[in-house]
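A.B. asks: Dropping in start16.txt, which is compact mmCIF, C-alpha atoms and all ligand atoms:
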# COMPACT_ATOMS: atom_id res chain seq x y z
CA MET A 944 -6.53 18.10 6.43
CA THR A 945 -9.28 20.38 7.59
CA LYS A 946 -11.14 18.39 10.22
CA LYS A 947 -10.09 18.16 13.84
CA ILE A 948 -8.03 15.07 14.66
CA LYS A 949 -9.97 12.79 16.99
CA GLY A 950 -8.26 9.42 16.62
CA PHE A 951 -5.03 7.63 15.86
CA ILE A 952 -4.63 4.33 14.03
CA PHE A 953 -1.42 2.47 14.77
CA ASP A 954 0.22 -0.10 12.59
CA LEU A 955 1.60 -2.83 14.86
CA ASP A 956 4.71 -4.47 13.38
CA GLY A 957 7.38 -1.77 13.17
CA VAL A 958 5.45 0.93 15.04
CA ILE A 959 4.42 -0.57 18.37
CA THR A 960 6.82 -3.50 18.38
CA ASP A 961 9.53 -4.86 16.14
CA THR A 962 8.42 -8.26 14.95
CA ALA A 963 9.99 -7.76 11.49
CA GLU A 964 13.04 -9.76 12.62
CA TYR A 965 10.84 -12.74 13.57
CA HIS A 966 8.98 -12.56 10.25
CA TYR A 967 12.41 -12.50 8.56
CA LYS A 968 13.77 -15.52 10.45
CA SER A 969 10.59 -17.50 9.78
CA TRP A 970 10.59 -16.79 6.04
CA GLN A 971 14.33 -17.51 5.89
CA LYS A 972 13.83 -20.90 7.51
CA LEU A 973 11.09 -21.81 5.05
CA ALA A 974 13.14 -20.51 2.11
CA ASP A 975 16.16 -22.60 3.17
CA GLU A 976 13.99 -25.69 3.50
CA GLU A 977 12.35 -25.18 0.09
CA ASN A 978 15.38 -23.85 -1.78
CA LEU A 979 13.87 -20.42 -2.41
CA PHE A 980 16.06 -17.35 -2.86
CA PHE A 981 15.56 -15.00 0.09
CA ASN A 982 17.55 -12.42 2.05
CA ARG A 983 17.15 -9.36 4.27
CA GLU A 984 16.78 -7.07 1.29
CA ILE A 985 13.78 -9.02 -0.01
CA ASN A 986 12.43 -9.10 3.55
CA GLU A 987 12.32 -5.27 3.56
CA GLN A 988 9.73 -5.47 0.76
CA LEU A 989 7.46 -7.54 3.00
CA ARG A 990 6.77 -4.82 5.57
CA GLY A 991 3.01 -4.33 5.84
CA VAL A 992 2.38 -6.93 3.13
CA SER A 993 -0.06 -9.78 3.88
CA ARG A 994 1.22 -13.34 4.38
CA MET A 995 0.17 -14.68 0.96
CA ASP A 996 1.29 -11.54 -0.89
CA SER A 997 4.63 -11.88 0.94
CA LEU A 998 5.02 -15.44 -0.35
CA ASP A 999 4.24 -14.25 -3.88
CA ILE A 1000 6.99 -11.62 -3.59
CA ILE A 1001 9.45 -14.31 -2.43
CA LEU A 1002 8.39 -16.66 -5.25
CA ASN A 1003 9.09 -13.84 -7.74
CA GLY A 1004 7.00 -15.39 -10.52
CA LYS A 1005 7.94 -19.00 -9.80
CA GLU A 1006 4.87 -21.18 -10.33
CA VAL A 1007 3.82 -23.26 -7.36
CA PRO A 1008 0.48 -25.11 -6.92
CA ALA A 1009 -1.95 -23.33 -4.62
CA GLU A 1010 -2.01 -26.22 -2.15
CA LYS A 1011 1.76 -26.14 -1.75
CA LYS A 1012 1.71 -22.37 -1.32
CA LYS A 1013 -0.80 -22.71 1.47
CA GLU A 1014 1.33 -25.36 3.17
CA TRP A 1015 4.41 -23.12 2.92
CA ALA A 1016 2.56 -20.07 4.28
CA ASP A 1017 1.17 -22.17 7.14
CA ARG A 1018 4.62 -23.54 7.95
CA LYS A 1019 6.14 -20.04 7.98
CA ASN A 1020 3.33 -18.94 10.29
CA ALA A 1021 3.98 -21.84 12.67
CA TYR A 1022 7.66 -20.76 12.92
CA TYR A 1023 6.55 -17.17 13.48
CA GLN A 1024 4.09 -18.16 16.20
CA ASP A 1025 6.88 -20.02 18.00
CA TYR A 1026 8.87 -16.77 18.12
CA LEU A 1027 5.82 -14.91 19.39
CA GLU A 1028 5.75 -17.13 22.47
CA GLU A 1029 8.96 -15.38 23.56
CA ILE A 1030 7.76 -11.78 23.33
CA SER A 1031 6.62 -9.73 26.31
CA LYS A 1032 6.03 -6.15 27.47
CA ASP A 1033 9.77 -5.54 27.06
CA ASP A 1034 9.30 -5.75 23.29
CA ILE A 1035 7.20 -2.58 23.07
CA LEU A 1036 9.29 -0.06 21.09
CA ASP A 1037 10.86 2.84 22.99
CA ASP A 1038 8.27 4.86 24.99
CA MET A 1039 5.29 3.77 22.88
CA GLU A 1040 3.22 2.60 25.84
CA ALA A 1041 3.58 5.96 27.60
CA LYS A 1042 2.68 7.74 24.37
CA LEU A 1043 -0.47 5.61 23.97
CA ASN A 1044 -1.54 6.22 27.56
CA LYS A 1045 -1.06 9.98 27.18
CA LEU A 1046 -3.19 10.07 24.01
CA LYS A 1047 -5.91 8.05 25.71
CA ALA A 1048 -5.87 10.34 28.76
CA ASP A 1049 -6.17 13.32 26.39
CA GLY A 1050 -9.40 11.82 25.01
CA PHE A 1051 -8.26 10.53 21.62
CA LYS A 1052 -9.69 7.31 20.18
CA LEU A 1053 -7.06 4.65 19.52
CA ALA A 1054 -7.03 1.79 17.02
CA VAL A 1055 -4.69 -0.85 15.71
CA GLY A 1056 -4.61 -1.23 11.93
CA SER A 1057 -2.37 -4.20 11.14
CA SER A 1058 -2.15 -6.54 8.15
CA SER A 1059 -1.21 -9.36 10.51
CA ARG A 1060 -3.59 -12.17 11.37
CA ASN A 1061 -1.49 -12.56 14.52
CA ALA A 1062 -2.10 -8.99 15.73
CA ARG A 1063 -4.29 -9.94 18.69
CA LYS A 1064 -1.78 -12.55 19.82
CA VAL A 1065 1.05 -10.00 19.65
CA LEU A 1066 -0.98 -7.37 21.57
CA LYS A 1067 -1.83 -9.93 24.23
CA HIS A 1068 1.85 -10.75 24.76
CA LEU A 1069 2.68 -7.03 24.92
CA GLN A 1070 -0.20 -6.63 27.42
CA ILE A 1071 -1.65 -3.55 25.72
CA THR A 1072 -4.84 -4.93 24.12
CA ASP A 1073 -7.11 -2.89 26.39
CA ILE A 1074 -5.62 0.49 25.50
CA PHE A 1075 -7.24 0.27 22.07
CA ASP A 1076 -10.88 1.07 21.29
CA THR A 1077 -10.79 -1.21 18.27
CA ILE A 1078 -8.44 -3.66 16.60
CA ALA A 1079 -8.45 -4.04 12.81
CA ASP A 1080 -6.21 -6.87 11.64
CA GLY A 1081 -5.53 -9.23 8.74
CA ASN A 1082 -8.88 -10.90 9.31
CA SER A 1083 -10.96 -7.71 9.20
CA VAL A 1084 -11.06 -6.90 5.47
CA GLU A 1085 -10.37 -8.59 2.16
CA ASN A 1086 -8.20 -6.02 0.41
CA ALA A 1087 -4.82 -5.64 2.10
CA LYS A 1088 -2.64 -2.49 2.25
CA PRO A 1089 -1.97 -0.45 0.08
CA ALA A 1090 -5.78 -0.55 -0.28
CA PRO A 1091 -7.41 1.86 2.21
CA ASP A 1092 -9.96 -0.74 3.42
CA LEU A 1093 -8.30 -1.73 6.71
CA PHE A 1094 -7.92 1.86 7.92
CA LEU A 1095 -11.42 2.81 6.77
CA HIS A 1096 -12.74 -0.20 8.72
CA ALA A 1097 -10.86 0.97 11.83
CA ALA A 1098 -12.18 4.53 11.50
CA LYS A 1099 -15.73 3.26 11.13
CA ASN A 1100 -15.36 1.18 14.30
CA LEU A 1101 -14.05 4.25 16.12
CA GLY A 1102 -17.11 6.19 14.93
CA LEU A 1103 -14.88 8.72 13.16
CA GLU A 1104 -14.62 10.19 9.66
CA PRO A 1105 -11.42 9.29 7.79
CA GLU A 1106 -10.37 12.96 7.86
CA GLU A 1107 -10.49 12.86 11.67
CA CYS A 1108 -7.88 10.06 11.82
CA VAL A 1109 -4.11 9.95 11.66
CA VAL A 1110 -2.28 6.73 10.77
CA LEU A 1111 1.19 5.80 12.03
CA GLU A 1112 3.03 3.45 9.68
CA ASP A 1113 6.51 2.03 9.06
CA ALA A 1114 5.72 0.52 5.65
CA GLU A 1115 5.45 2.13 2.24
CA SER A 1116 2.30 0.09 1.53
CA GLY A 1117 0.81 1.35 4.82
CA VAL A 1118 1.56 5.01 4.09
CA GLU A 1119 -0.06 4.57 0.67
CA ALA A 1120 -3.11 2.99 2.31
CA ALA A 1121 -3.44 5.90 4.76
CA LEU A 1122 -3.22 8.46 1.95
CA ALA A 1123 -5.75 6.50 -0.13
CA ALA A 1124 -8.06 6.53 2.92
CA ASN A 1125 -7.79 10.33 3.04
CA MET A 1126 -6.24 10.23 6.49
CA GLY A 1127 -3.23 11.99 7.95
CA ALA A 1128 -0.13 9.84 7.40
CA VAL A 1129 2.82 9.74 9.78
CA GLY A 1130 5.76 7.64 8.63
CA VAL A 1131 8.11 5.93 11.08
CA GLY A 1132 11.42 5.01 9.46
CA PRO A 1133 13.74 6.15 6.68
CA GLU A 1134 12.61 8.75 4.09
CA GLU A 1135 13.15 6.31 1.23
CA ARG A 1136 10.57 3.99 2.79
CA VAL A 1137 7.94 6.30 4.30
CA GLY A 1138 8.78 9.63 2.65
CA LYS A 1139 5.34 9.92 1.03
CA ALA A 1140 3.79 10.52 4.48
CA HIS A 1141 2.75 14.02 5.62
CA LEU A 1142 5.28 13.84 8.47
CA VAL A 1143 8.20 11.48 9.02
CA TYR A 1144 10.03 10.45 12.19
CA SER A 1145 12.99 8.12 12.02
CA LYS A 1146 12.28 6.41 15.34
CA VAL A 1147 9.31 5.84 17.65
CA ARG A 1148 10.96 7.86 20.41
CA ASP A 1149 11.08 10.92 18.10
CA ILE A 1150 7.32 10.90 17.37
CA ASP A 1151 5.92 14.17 18.65
CA PHE A 1152 2.13 14.13 18.92
CA ASP A 1153 1.91 17.86 19.68
CA GLU A 1154 3.69 18.51 16.41
CA ILE A 1155 1.41 16.06 14.58
CA LEU A 1156 -1.69 17.81 15.95
CA LYS A 1157 -0.28 21.20 14.93
CA LYS A 1158 0.91 20.25 11.44
CA LEU A 1159 -1.72 17.86 10.09
C1 LIG B 1201 2.61 -7.18 9.10
C2 LIG B 1201 4.08 -7.35 8.76
C3 LIG B 1201 4.27 -8.14 7.50
C4 LIG B 1201 3.47 -9.46 7.58
C5 LIG B 1201 2.01 -9.14 7.76
C6 LIG B 1201 1.15 -10.41 7.86
O1 LIG B 1201 2.07 -6.20 8.30
O2 LIG B 1201 4.71 -6.09 8.61
O3 LIG B 1201 5.64 -8.41 7.32
O4 LIG B 1201 3.67 -10.23 6.41
O5 LIG B 1201 1.85 -8.38 8.96
O6 LIG B 1201 1.40 -11.05 9.08
P1 LIG B 1201 0.78 -12.45 9.52
O7 LIG B 1201 1.05 -12.50 10.99
O8 LIG B 1201 -0.66 -12.44 9.21
O9 LIG B 1201 1.51 -13.50 8.76
MG MG B 1202 4.43 -2.29 9.93
Spell out the structure here as structure tokens.

C.D. replies:
Amino acid sequence: MTKKIKGFIFDLDGVITDTAEYHYKSWQKLADEENLFFNREINEQLRGVSRMDSLDIILNGKEVPAEKKKEWADRKNAYYQDYLEEISKDDILDDMEAKLNKLKADGFKLAVGSSSRNARKVLKHLQITDIFDTIADGNSVENAKPAPDLFLHAAKNLGLEPEECVVLEDAESGVEAALAANMGAVGVGPEERVGKAHLVYSKVRDIDFDEILKKL
């Protein structure tokens, strides 16, 4: 990375808030209803993966008509949206809100780069929509992570070059997308999941932006 860092792109689920558990419960409910094999281990593979790609991973090659797949994905999403009604500011991870405010005060551009089509709804419940200069979500581009498209779209909206951006991600697919976009990649989570990133922190509270600015 040679250019000066001017902006940060945050994944949402797993970096700003922990909605993975709600995604898990919603998929589990659908799987139980439709007799599909599913557990927490499979759920780990769904981090950062779009809704339809997630269903394909769960189906594991099982052939299901497109119409039925759409109905299943819609039903899972309805369960998930019910859970979202319960989330509030208290669901922001660790000191993430303070970290975002500090970056903003220091003049950095801030974006959300999430595969979720529910990203705006989640941000609204967390009451942090306005901190971000732009929000790129599951509706913004066609090619989902690990393709770089979503992060490139966010950078463009920030008016920045990819090399001027750093992505924070908790998913392997997200780290791969950041690297493919030629951006700095910061992984949040275990090495075995986000170890390909330039820098790794195990928890949100450990993320050190001074260190990121020095090392990337
Ligand atoms: C995030 C989550 C994934 C989820 C995806 C799509 O990236 O980490 O687990 O499948 O968003 O979410 P959506 O709200 O559009 O179903
Ligand atoms: Mg995530």

A.B. asks: Could you tell me, as a list in words, which residues have any atom at most 12 Å from (-15.0, 1.4, 8.2), counting only C-alpha atoms?

C.D. replies: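 Selection result: Ala1054, Gly1056, Thr1077, Ile1078, Ala1079, Ser1083, Val1084, Pro1091, Asp1092, Leu1093, Phe1094, Leu1095, His1096, Ala1097, Ala1098, Lys1099, Asn1100, Leu1101, Gly1102, Leu1103, Glu1104, Pro1105, Cys1108 and Ala1124 of chain A.
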
A.B. asks: Counting all atoms listed in the file, what is within 9 Å of range 1010-1026 of chain A, bar same-chain residues fewer than 4 positions away, as number ranges by chain?

C.D. replies: A: 965-973, 977, 994-995, 998-999, 1030, 1061, 1064

A.B. asks: Go ahead and write the residues just picked, C-alpha atoms, as a compact mmCIF listing (two decimals), keeping the file's coordinate frame.

C.D. replies:
# COMPACT_ATOMS: atom_id res chain seq x y z
CA TYR A 965 10.84 -12.74 13.57
CA HIS A 966 8.98 -12.56 10.25
CA TYR A 967 12.41 -12.50 8.56
CA LYS A 968 13.77 -15.52 10.45
CA SER A 969 10.59 -17.50 9.78
CA TRP A 970 10.59 -16.79 6.04
CA GLN A 971 14.33 -17.51 5.89
CA LYS A 972 13.83 -20.90 7.51
CA LEU A 973 11.09 -21.81 5.05
CA GLU A 977 12.35 -25.18 0.09
CA ARG A 994 1.22 -13.34 4.38
CA MET A 995 0.17 -14.68 0.96
CA LEU A 998 5.02 -15.44 -0.35
CA ASP A 999 4.24 -14.25 -3.88
CA ILE A 1030 7.76 -11.78 23.33
CA ASN A 1061 -1.49 -12.56 14.52
CA LYS A 1064 -1.78 -12.55 19.82

A.B. asks: Calculated over all atoms listed in the file, which of the candidates A:Leu955, A:Ala1087, A:Leu979, A:Met1039 has the smallest distance to Asp1151 in chain A?

C.D. replies: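 When distances to Asp1151 in chain A are compared using all atoms listed in the file, the smallest one comes from A:Met1039.
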
A.B. asks: Please, what distance in Å, to one decimal, runs between CA of Phe953 in chain A and CA of Phe1075 in chain A?

C.D. replies: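 That distance, rounded to one decimal, is 9.6 Å.
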
A.B. asks: May I have the residues within 6 Å of ligand LIG 1201 (chain B), computed using all atoms listed in the file, as a list in words?

C.D. replies: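 Residues lying within 6 Å of ligand LIG 1201 (chain B): Asp956, Leu989, Arg990, Gly991, Val992, Ser993, Arg994, Ser997, Asn1020, Ser1057, Ser1058, Ser1059, Arg1060, Asn1061 and Gly1081 of chain A.
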
A.B. asks: Which chain A residues have any atom within 12 Å of an atom of ligand MG 1202 (chain B), and for each, what is the nearest pair of atoms with distance in Å to one decimal, counting all atoms listed in the file, rows sorted by chain and number, as a tab-separated table?

C.D. replies:
residue	atom	partner	partner_atom	distance
A:Ile952	CA	B:MG1202	MG	11.9
A:Phe953	CA	B:MG1202	MG	9.0
A:Asp954	CA	B:MG1202	MG	5.4
A:Leu955	CA	B:MG1202	MG	5.7
A:Asp956	CA	B:MG1202	MG	4.1
A:Gly957	CA	B:MG1202	MG	4.4
A:Val958	CA	B:MG1202	MG	6.1
A:Ile959	CA	B:MG1202	MG	8.6
A:Thr960	CA	B:MG1202	MG	8.9
A:Asp961	CA	B:MG1202	MG	8.4
A:Thr962	CA	B:MG1202	MG	8.8
A:Ala963	CA	B:MG1202	MG	8.0
A:Glu964	CA	B:MG1202	MG	11.7
A:His966	CA	B:MG1202	MG	11.2
A:Glu987	CA	B:MG1202	MG	10.6
A:Gln988	CA	B:MG1202	MG	11.1
A:Leu989	CA	B:MG1202	MG	9.2
A:Arg990	CA	B:MG1202	MG	5.6
A:Gly991	CA	B:MG1202	MG	4.8
A:Val992	CA	B:MG1202	MG	8.5
A:Ser993	CA	B:MG1202	MG	10.6
A:Val1055	CA	B:MG1202	MG	10.9
A:Gly1056	CA	B:MG1202	MG	9.3
A:Ser1057	CA	B:MG1202	MG	7.2
A:Ser1058	CA	B:MG1202	MG	8.0
A:Ser1059	CA	B:MG1202	MG	9.1
A:Ala1062	CA	B:MG1202	MG	11.0
A:Asp1080	CA	B:MG1202	MG	11.7
A:Lys1088	CA	B:MG1202	MG	10.4
A:Pro1089	CA	B:MG1202	MG	11.9
A:Val1110	CA	B:MG1202	MG	11.3
A:Leu1111	CA	B:MG1202	MG	9.0
A:Glu1112	CA	B:MG1202	MG	5.9
A:Asp1113	CA	B:MG1202	MG	4.9
A:Ala1114	CA	B:MG1202	MG	5.3
A:Glu1115	CA	B:MG1202	MG	8.9
A:Ser1116	CA	B:MG1202	MG	9.0
A:Gly1117	CA	B:MG1202	MG	7.2
A:Val1118	CA	B:MG1202	MG	9.8
A:Ala1120	CA	B:MG1202	MG	11.9
A:Gly1130	CA	B:MG1202	MG	10.1
A:Val1131	CA	B:MG1202	MG	9.1
A:Gly1132	CA	B:MG1202	MG	10.1
A:Arg1136	CA	B:MG1202	MG	11.3
A:Val1137	CA	B:MG1202	MG	10.9

A.B. asks: Residues as selected, C-alpha atoms, written as a tab-separated table (two decimals), in the coordinates of the input, can you do that?

C.D. replies:
chain	number	residue	atom	x	y	z
A	952	ILE	CA	-4.63	4.33	14.03
A	953	PHE	CA	-1.42	2.47	14.77
A	954	ASP	CA	0.22	-0.10	12.59
A	955	LEU	CA	1.60	-2.83	14.86
A	956	ASP	CA	4.71	-4.47	13.38
A	957	GLY	CA	7.38	-1.77	13.17
A	958	VAL	CA	5.45	0.93	15.04
A	959	ILE	CA	4.42	-0.57	18.37
A	960	THR	CA	6.82	-3.50	18.38
A	961	ASP	CA	9.53	-4.86	16.14
A	962	THR	CA	8.42	-8.26	14.95
A	963	ALA	CA	9.99	-7.76	11.49
A	964	GLU	CA	13.04	-9.76	12.62
A	966	HIS	CA	8.98	-12.56	10.25
A	987	GLU	CA	12.32	-5.27	3.56
A	988	GLN	CA	9.73	-5.47	0.76
A	989	LEU	CA	7.46	-7.54	3.00
A	990	ARG	CA	6.77	-4.82	5.57
A	991	GLY	CA	3.01	-4.33	5.84
A	992	VAL	CA	2.38	-6.93	3.13
A	993	SER	CA	-0.06	-9.78	3.88
A	1055	VAL	CA	-4.69	-0.85	15.71
A	1056	GLY	CA	-4.61	-1.23	11.93
A	1057	SER	CA	-2.37	-4.20	11.14
A	1058	SER	CA	-2.15	-6.54	8.15
A	1059	SER	CA	-1.21	-9.36	10.51
A	1062	ALA	CA	-2.10	-8.99	15.73
A	1080	ASP	CA	-6.21	-6.87	11.64
A	1088	LYS	CA	-2.64	-2.49	2.25
A	1089	PRO	CA	-1.97	-0.45	0.08
A	1110	VAL	CA	-2.28	6.73	10.77
A	1111	LEU	CA	1.19	5.80	12.03
A	1112	GLU	CA	3.03	3.45	9.68
A	1113	ASP	CA	6.51	2.03	9.06
A	1114	ALA	CA	5.72	0.52	5.65
A	1115	GLU	CA	5.45	2.13	2.24
A	1116	SER	CA	2.30	0.09	1.53
A	1117	GLY	CA	0.81	1.35	4.82
A	1118	VAL	CA	1.56	5.01	4.09
A	1120	ALA	CA	-3.11	2.99	2.31
A	1130	GLY	CA	5.76	7.64	8.63
A	1131	VAL	CA	8.11	5.93	11.08
A	1132	GLY	CA	11.42	5.01	9.46
A	1136	ARG	CA	10.57	3.99	2.79
A	1137	VAL	CA	7.94	6.30	4.30

A.B. asks: Please list as a PyMOL selection string every residue within 6 Å of Ala1128 in chain A, counting all atoms listed in the file and excluding residues in the same chain fewer than 3 positions away.

C.D. replies: chain A and resi 1109-1110+1121+1140-1141

A.B. asks: Write to file, as a CSV table (one decimal), in the frame of the given file, the residues of the selection just made, with C-alpha atoms.

C.D. replies:
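Contents of result08.csv, freshly written:
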chain,number,residue,atom,x,y,z
A,1109,VAL,CA,-4.1,10.0,11.7
A,1110,VAL,CA,-2.3,6.7,10.8
A,1121,ALA,CA,-3.4,5.9,4.8
A,1140,ALA,CA,3.8,10.5,4.5
A,1141,HIS,CA,2.8,14.0,5.6

A.B. asks: Between CA of Val1129 in chain A and CA of Tyr1144 in chain A, what distance in Å does the model show, to one decimal?

C.D. replies: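 Those two atoms sit 7.6 Å apart.
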
A.B. asks: When you count only C-alpha atoms, which of these residues is closest to Thr1072 in chain A: A:Lys1157, A:Lys949, A:Lys1139, A:Lys1032?

C.D. replies: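 Closest to Thr1072 in chain A of all the choices is A:Lys1032.
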
A.B. asks: Between A:Glu1106, A:Ile1074, A:Gly1127, A:Val1065, single out the one closest to Ala1048 in chain A, counting all atoms listed in the file.

C.D. replies: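 Closest residue, counting all atoms listed in the file: A:Ile1074.
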
A.B. asks: Expressed in Å to a single decimal, how great is the separation between CA of Asp1153 in chain A and CA of Ala1090 in chain A?

C.D. replies: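 Between CA of Asp1153 in chain A and CA of Ala1090 in chain A the gap is 28.2 Å.
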
A.B. asks: For Val1143 in chain A, which of A:Leu1043, A:Leu1036, A:Ile1155, A:Leu1069 is the closest residue, counting only C-alpha atoms?

C.D. replies: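 Using only C-alpha atoms, the shortest distance to Val1143 in chain A belongs to A:Ile1155.
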
A.B. asks: Let me have the centre and edge lengths of the axis-aligned box enclosing all listed atoms of range 1056-1060 of chain A with 6 Å padding on every side, in Å to one decimal, as AutoDock Vina command-line options.

C.D. replies:
--center_x -2.9 --center_y -6.7 --center_z 10.0 --size_x 15.4 --size_y 22.9 --size_z 15.8

A.B. asks: Just checking: using all atoms listed in the file, which residue out of A:Glu1134, A:Asp1076, A:Glu1006, A:Glu1085 ends up closest to Leu1053 in chain A?

C.D. replies: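 Distance minimum relative to Leu1053 in chain A lands on A:Asp1076.
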
A.B. asks: Select, from A:Asn1003, A:Ser1031, A:Asn1044, A:Asn1086, the residue with the minimum atom-to-atom distance to Leu1066 in chain A, counting all atoms listed in the file.

C.D. replies: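 Distance minimum relative to Leu1066 in chain A lands on A:Ser1031.
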
A.B. asks: Assuming the input is short of atoms at range 1005-1029 of chain A, produce N, CA and C atoms for that part as a compact mmCIF listing (two decimals), keeping the file's coordinate frame.

C.D. replies:
# COMPACT_ATOMS: atom_id res chain seq x y z
N LYS A 1005 7.82 -17.54 -9.75
CA LYS A 1005 7.94 -19.00 -9.80
C LYS A 1005 6.57 -19.64 -9.58
N GLU A 1006 6.21 -20.58 -10.44
CA GLU A 1006 4.87 -21.18 -10.33
C GLU A 1006 4.85 -22.34 -9.34
N VAL A 1007 3.94 -22.24 -8.39
CA VAL A 1007 3.82 -23.26 -7.36
C VAL A 1007 2.33 -23.54 -7.18
N PRO A 1008 1.92 -24.82 -7.11
CA PRO A 1008 0.48 -25.11 -6.92
C PRO A 1008 -0.07 -24.47 -5.64
N ALA A 1009 -1.33 -24.05 -5.73
CA ALA A 1009 -1.95 -23.33 -4.62
C ALA A 1009 -1.86 -24.10 -3.30
N GLU A 1010 -2.03 -25.39 -3.37
CA GLU A 1010 -2.01 -26.22 -2.15
C GLU A 1010 -0.65 -26.15 -1.45
N LYS A 1011 0.40 -26.20 -2.28
CA LYS A 1011 1.76 -26.14 -1.75
C LYS A 1011 2.02 -24.76 -1.15
N LYS A 1012 1.53 -23.73 -1.83
CA LYS A 1012 1.71 -22.37 -1.32
C LYS A 1012 1.07 -22.21 0.05
N LYS A 1013 -0.11 -22.80 0.18
CA LYS A 1013 -0.80 -22.71 1.47
C LYS A 1013 0.00 -23.43 2.54
N GLU A 1014 0.54 -24.60 2.20
CA GLU A 1014 1.33 -25.36 3.17
C GLU A 1014 2.58 -24.57 3.59
N TRP A 1015 3.21 -23.91 2.62
CA TRP A 1015 4.41 -23.12 2.92
C TRP A 1015 4.07 -21.92 3.82
N ALA A 1016 2.96 -21.24 3.47
CA ALA A 1016 2.56 -20.07 4.28
C ALA A 1016 2.21 -20.51 5.70
N ASP A 1017 1.54 -21.65 5.81
CA ASP A 1017 1.17 -22.17 7.14
C ASP A 1017 2.41 -22.53 7.95
N ARG A 1018 3.40 -23.13 7.25
CA ARG A 1018 4.62 -23.54 7.95
C ARG A 1018 5.39 -22.31 8.44
N LYS A 1019 5.48 -21.29 7.55
CA LYS A 1019 6.14 -20.04 7.98
C LYS A 1019 5.44 -19.47 9.21
N ASN A 1020 4.09 -19.52 9.18
CA ASN A 1020 3.33 -18.94 10.29
C ASN A 1020 3.56 -19.72 11.59
N ALA A 1021 3.72 -21.03 11.47
CA ALA A 1021 3.98 -21.84 12.67
C ALA A 1021 5.33 -21.44 13.27
N TYR A 1022 6.35 -21.23 12.42
CA TYR A 1022 7.66 -20.76 12.92
C TYR A 1022 7.51 -19.41 13.61
N TYR A 1023 6.74 -18.52 12.94
CA TYR A 1023 6.55 -17.17 13.48
C TYR A 1023 5.84 -17.22 14.84
N GLN A 1024 4.82 -18.07 14.93
CA GLN A 1024 4.09 -18.16 16.20
C GLN A 1024 4.97 -18.70 17.32
N ASP A 1025 5.93 -19.56 16.98
CA ASP A 1025 6.88 -20.02 18.00
C ASP A 1025 7.68 -18.85 18.56
N TYR A 1026 8.13 -17.96 17.65
CA TYR A 1026 8.87 -16.77 18.12
C TYR A 1026 8.00 -15.89 19.00
N LEU A 1027 6.72 -15.79 18.63
CA LEU A 1027 5.82 -14.91 19.39
C LEU A 1027 5.67 -15.35 20.84
N GLU A 1028 5.85 -16.63 21.09
CA GLU A 1028 5.75 -17.13 22.47
C GLU A 1028 6.77 -16.44 23.39
N GLU A 1029 7.87 -15.97 22.76
CA GLU A 1029 8.96 -15.38 23.56
C GLU A 1029 8.77 -13.89 23.82
